[in-house]
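Down below is the structure, laid out as structure tokens.
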Amino acid sequence: MPKRIEDNKNNDIPVYLFTGFLGSGKTDFIQDTLSTPEFNGGETTLLLVCEEGEQEYDESKFADPVAIHVIEDEEELNPDDLRELVRLYKPDRVMVEYNGMWMLQSFFQAMPRNWIIAQEMTFFDATTFLMYNQNMRQLCFDKMKTAEMVVFNRCEKGFDKMPFHKEVRIANRKSMIVYEYSKYDMEPDDIQDPLPFDKEASQFEIKDEWFAEWYRDINENDSDYDGKTITVKGRVAMADELLEGQFAFGRHVMTCCVEDIQFAGLLCYYSGGGEFHTGDWIKIKAKVRVEYSKVYGEKGPVLYCKTVESCEAADPEVATF
């Protein structure tokens, strides 16, 4: 059940975003939610339906007033049109049944400033997910990477959860995963995801094949690394805005597909001399400090190098999960 937001004193409009492909169970879930007294306390809901399937809403069962607006074209997702809908319907909250074939960035860019994501859930039919993920990986990844909860429905008892679990964790390490066998029979995912290295140690080495997981974890849980000493291999990236003794260190990482390969780097300090150029492969031994940096524009992990030495390229050169 979505988290109900109460006592909104800032005129922000909470948005409940439900994503997934056609036939994944979004409509049934939204229907049940809007028919449940526990989630409804007299609020007016604007329900944006971005795709219409065979299942239709039964408005007679809604506990509170609901204004349903169908968005037929992705171009209708823009701040001006969404603000006009707020003016017309004056909702206390917004629910969105999103089109599974549209990238989420379209919606996030269109949201008016006072629209705040209260909860994001994505739904997949377990009988077709692995096929969809193989053939439309970018769309599946897009729906999982920011979801607070991922629901696999139409599951069968005793099925192998690991392929489903692994695909969600590649996209998002923090999502709650739920397997639904029937409307009243659900099971939360309890598969553990231990890191391949011991970050509890005061110093440790990151192997080539661990880079992507390490990079994601140090950014999500930087305080766990504060004061630790690490040895890791990567590439140099220089930039005009970096000061003397500073350089960016990292590797190209592929999270979903070839189109999304990008350089994942951290700020490094090194005063030990040596001339390095963008693209050089190096192996560093560095102490991590979590501190504010103008390069980040906020606090983040900064690597203070004790040693820097040239090395052969990582294998593979592009890091993956």
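Residue names in the structure tokens use chain letters A, B, ... in the order shown, residue numbers from 1 in each chain, and ligand numbers from 1 in the order shown.
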
Can you build me a table of range 95-161 of chain A residues sitting at most 10 Å from range 35-53 of chain A, with the closest atom pair per residue and its distance in Å to one decimal, using only C-alpha atoms, sorted by chain and residue number, as a Markdown table?
| residue | atom | partner | partner_atom | distance |
| --- | --- | --- | --- | --- |
| A:Met95 | CA | A:Leu47 | CA | 4.7 |
| A:Val96 | CA | A:Leu48 | CA | 4.7 |
| A:Glu97 | CA | A:Val49 | CA | 4.9 |
| A:Tyr98 | CA | A:Cys50 | CA | 5.1 |
| A:Asn99 | CA | A:Cys50 | CA | 5.1 |
| A:Gly100 | CA | A:Glu51 | CA | 8.2 |
| A:Met101 | CA | A:Glu51 | CA | 9.4 |
| A:Trp102 | CA | A:Cys50 | CA | 9.3 |

Restricting the output to C-alpha atoms, write the selected residues as a PDB file, in the first residue's frame.
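The result, written out as again13.pdb:
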ATOM      1  CA  MET A  95      -1.355   9.430  -9.145  1.00  0.00           C
ATOM      2  CA  VAL A  96       0.285   8.459 -12.402  1.00  0.00           C
ATOM      3  CA  GLU A  97      -0.221   5.231 -14.341  1.00  0.00           C
ATOM      4  CA  TYR A  98       2.801   5.649 -16.572  1.00  0.00           C
ATOM      5  CA  ASN A  99       3.288   4.325 -20.078  1.00  0.00           C
ATOM      6  CA  GLY A 100       5.842   1.516 -20.004  1.00  0.00           C
ATOM      7  CA  MET A 101       7.232   2.516 -23.395  1.00  0.00           C
ATOM      8  CA  TRP A 102       8.077   6.070 -22.287  1.00  0.00           C
TER       9      TRP A 102
END

Could you pull out the strand (DSSP E) residues of range 19-217 of chain A, going by DSSP on the backbone, and write them as a VMD selection string? chain A and resid 19 to 20 45 to 49 66 to 70 93 to 97 115 to 125 149 to 153 176 to 182 185 to 188 203 to 205

12 Å contact set for range 300-304 of chain A, only C-alpha atoms, chain neighbours under 3 positions out, as a PDB file with C-alpha atoms, in the first residue's frame:
ATOM      1  CA  TYR A 215      32.027   2.825  -7.173  1.00  0.00           C
ATOM      2  CA  ARG A 216      28.288   2.634  -6.612  1.00  0.00           C
ATOM      3  CA  ASP A 217      28.670   1.686  -2.951  1.00  0.00           C
ATOM      4  CA  ILE A 218      31.209   4.389  -2.109  1.00  0.00           C
ATOM      5  CA  ASN A 219      28.833   6.990  -3.542  1.00  0.00           C
ATOM      6  CA  GLU A 220      25.739   5.587  -1.828  1.00  0.00           C
ATOM      7  CA  ASN A 221      27.444   4.850   1.524  1.00  0.00           C
ATOM      8  CA  ASP A 222      30.440   7.176   1.560  1.00  0.00           C
ATOM      9  CA  SER A 223      30.626   7.358   5.360  1.00  0.00           C
ATOM     10  CA  ASP A 224      31.469   3.631   5.422  1.00  0.00           C
ATOM     11  CA  TYR A 225      34.714   4.418   3.602  1.00  0.00           C
ATOM     12  CA  ASP A 226      35.776   7.545   5.483  1.00  0.00           C
ATOM     13  CA  GLY A 227      39.343   7.009   6.750  1.00  0.00           C
ATOM     14  CA  LYS A 228      39.808   3.690   4.914  1.00  0.00           C
ATOM     15  CA  THR A 229      42.777   3.031   2.618  1.00  0.00           C
ATOM     16  CA  ILE A 230      42.064   1.402  -0.735  1.00  0.00           C
ATOM     17  CA  THR A 231      44.088   0.155  -3.678  1.00  0.00           C
ATOM     18  CA  VAL A 232      42.322   0.320  -7.026  1.00  0.00           C
ATOM     19  CA  GLY A 245      47.701  18.242  -7.662  1.00  0.00           C
ATOM     20  CA  GLN A 246      44.103  17.279  -8.473  1.00  0.00           C
ATOM     21  CA  PHE A 247      42.837  14.842 -11.078  1.00  0.00           C
ATOM     22  CA  ALA A 248      39.753  12.726 -11.688  1.00  0.00           C
ATOM     23  CA  PHE A 249      40.181   8.990 -11.309  1.00  0.00           C
ATOM     24  CA  GLY A 250      37.771   6.331 -12.500  1.00  0.00           C
ATOM     25  CA  GLY A 265      35.112   9.148 -11.483  1.00  0.00           C
ATOM     26  CA  LEU A 266      36.157  10.524  -8.107  1.00  0.00           C
ATOM     27  CA  LEU A 267      38.316  13.492  -7.199  1.00  0.00           C
ATOM     28  CA  CYS A 268      41.927  12.630  -6.337  1.00  0.00           C
ATOM     29  CA  TYR A 269      44.754  14.568  -4.714  1.00  0.00           C
ATOM     30  CA  TYR A 270      48.358  13.631  -5.317  1.00  0.00           C
ATOM     31  CA  SER A 271      51.431  15.718  -4.537  1.00  0.00           C
ATOM     32  CA  GLY A 272      54.037  13.042  -5.186  1.00  0.00           C
ATOM     33  CA  ILE A 284      46.550   4.103  -6.755  1.00  0.00           C
ATOM     34  CA  LYS A 285      46.754   3.519  -3.040  1.00  0.00           C
ATOM     35  CA  ALA A 286      44.681   6.222  -1.400  1.00  0.00           C
ATOM     36  CA  LYS A 287      43.014   7.240   1.826  1.00  0.00           C
ATOM     37  CA  VAL A 288      39.347   8.160   1.545  1.00  0.00           C
ATOM     38  CA  ARG A 289      38.080  11.336   3.139  1.00  0.00           C
ATOM     39  CA  VAL A 290      34.450  12.393   2.962  1.00  0.00           C
ATOM     40  CA  GLU A 291      34.471  16.179   2.647  1.00  0.00           C
ATOM     41  CA  TYR A 292      33.012  19.102   0.756  1.00  0.00           C
ATOM     42  CA  SER A 293      34.501  19.729  -2.678  1.00  0.00           C
ATOM     43  CA  LYS A 294      33.734  22.472  -5.180  1.00  0.00           C
ATOM     44  CA  VAL A 295      34.124  19.844  -7.892  1.00  0.00           C
ATOM     45  CA  TYR A 296      31.178  17.887  -6.451  1.00  0.00           C
ATOM     46  CA  GLY A 297      29.297  20.914  -5.206  1.00  0.00           C
ATOM     47  CA  THR A 307      51.146   6.136  -4.262  1.00  0.00           C
ATOM     48  CA  VAL A 308      50.339   6.413  -7.964  1.00  0.00           C
TER      49      VAL A 308
END

List as a VMD selection string the protein and nucleic acid residues near Thr122 in chain A, meaning an atom at most 8 Å away when only C-alpha atoms are counted, but skip any in the same chain fewer than 3 places from it. chain A and resid 18 to 20 143 to 144 147 149 to 151

Create the file for the chosen residues now, containing C-alpha atoms and written as a short mmCIF file (atom, residue, chain, number, x, y, z; two decimals), in the first residue's frame.
data_model
loop_
_atom_site.label_atom_id
_atom_site.label_comp_id
_atom_site.auth_asym_id
_atom_site.auth_seq_id
_atom_site.Cartn_x
_atom_site.Cartn_y
_atom_site.Cartn_z
CA PHE A 18 3.29 3.61 -10.88
CA THR A 19 5.31 2.24 -13.78
CA GLY A 20 5.52 -0.97 -15.77
CA LYS A 143 11.72 1.64 -14.59
CA MET A 144 13.79 -0.12 -11.91
CA ALA A 147 11.72 2.63 -7.96
CA MET A 149 9.52 -0.95 -4.71
CA VAL A 150 9.61 -3.49 -7.56
CA VAL A 151 6.70 -5.93 -7.68
#

With a distance cut-off of 8 Å and only C-alpha atoms, select the neighbouring residues of range 162-176 of chain A, excluding the residue or stretch itself and same-chain residues fewer than 5 positions from it, and output the selection as a VMD selection string. chain A and resid 130 141 144 to 150 188 to 189 191 255 to 256 321

How about saving the chosen residues, N, CA, C and O atoms kept, as a short mmCIF file (atom, residue, chain, number, x, y, z; two decimals), in the first residue's frame?
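Saved file part_10.cif follows:
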data_model
loop_
_atom_site.label_atom_id
_atom_site.label_comp_id
_atom_site.auth_asym_id
_atom_site.auth_seq_id
_atom_site.Cartn_x
_atom_site.Cartn_y
_atom_site.Cartn_z
N LEU A 130 11.77 -11.64 -17.90
CA LEU A 130 13.12 -11.96 -18.39
C LEU A 130 13.21 -11.77 -19.90
O LEU A 130 14.24 -11.31 -20.42
N PHE A 141 15.34 -1.33 -17.31
CA PHE A 141 16.30 -0.69 -16.40
C PHE A 141 15.79 0.68 -15.97
O PHE A 141 15.87 1.04 -14.79
N MET A 144 13.31 0.42 -13.18
CA MET A 144 13.79 -0.12 -11.91
C MET A 144 14.74 0.82 -11.18
O MET A 144 14.85 0.77 -9.95
N LYS A 145 15.45 1.69 -11.89
CA LYS A 145 16.58 2.38 -11.30
C LYS A 145 16.19 3.39 -10.22
O LYS A 145 17.00 3.70 -9.35
N THR A 146 14.97 3.90 -10.25
CA THR A 146 14.54 4.86 -9.22
C THR A 146 13.36 4.36 -8.40
O THR A 146 12.86 5.09 -7.55
N ALA A 147 12.91 3.15 -8.66
CA ALA A 147 11.72 2.63 -7.96
C ALA A 147 12.02 2.33 -6.50
O ALA A 147 13.04 1.71 -6.18
N GLU A 148 11.13 2.73 -5.64
CA GLU A 148 11.24 2.40 -4.22
C GLU A 148 10.87 0.94 -3.99
O GLU A 148 11.39 0.30 -3.09
N MET A 149 9.94 0.45 -4.82
CA MET A 149 9.52 -0.95 -4.71
C MET A 149 9.33 -1.53 -6.11
O MET A 149 8.79 -0.86 -6.99
N VAL A 150 9.81 -2.76 -6.30
CA VAL A 150 9.61 -3.49 -7.56
C VAL A 150 8.77 -4.72 -7.25
O VAL A 150 9.13 -5.53 -6.39
N PRO A 188 8.24 -10.91 0.42
CA PRO A 188 9.33 -9.96 0.20
C PRO A 188 10.63 -10.70 -0.12
O PRO A 188 10.85 -11.82 0.35
N ASP A 189 11.46 -10.09 -0.93
CA ASP A 189 12.74 -10.67 -1.29
C ASP A 189 13.68 -10.59 -0.10
O ASP A 189 13.82 -9.55 0.53
N ILE A 191 16.96 -12.13 -0.32
CA ILE A 191 18.27 -12.55 -0.80
C ILE A 191 19.30 -11.50 -0.40
O ILE A 191 19.12 -10.30 -0.65
N THR A 255 26.02 0.34 -17.11
CA THR A 255 25.02 -0.15 -16.16
C THR A 255 23.90 -0.92 -16.85
O THR A 255 23.34 -1.85 -16.28
N CYS A 256 23.57 -0.53 -18.06
CA CYS A 256 22.43 -1.15 -18.74
C CYS A 256 22.81 -1.69 -20.10
O CYS A 256 22.69 -2.86 -20.37
N PHE A 321 28.32 -4.47 -13.90
CA PHE A 321 27.84 -5.06 -12.65
C PHE A 321 27.65 -6.57 -12.83
O PHE A 321 27.34 -7.04 -13.91
#

If you run DSSP on this backbone, which residues of range 7-182 of chain A come out as alpha helix (DSSP H), and could you give them as a ChimeraX atom specification? /A:26-34,79-89,104-110,129-135,137-144,162-171

Which residue out of A:His277, A:Tyr179, A:Lys283, A:Gln134 has the minimum interatomic distance to Ile206 in chain A when only C-alpha atoms are used? A:Lys283

If we count only C-alpha atoms and set the cut-off at 12 Å, which residues sit around Arg83 in chain A, ignoring sequence neighbours fewer than 3 positions away in its own chain? Please answer as a PyMOL selection string. chain A and resi 13+46+76-80+86-91+94+110-115

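Minimum atom-to-atom distances from A:Ala313, A:Val70, A:Leu17, A:Leu22 to Glu120 in chain A were compared using only C-alpha atoms, and the lowest value belongs to A:Leu17.
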
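Put simply, CA of Lys233 in chain A is 5.8 Å away from CA of Ile282 in chain A.
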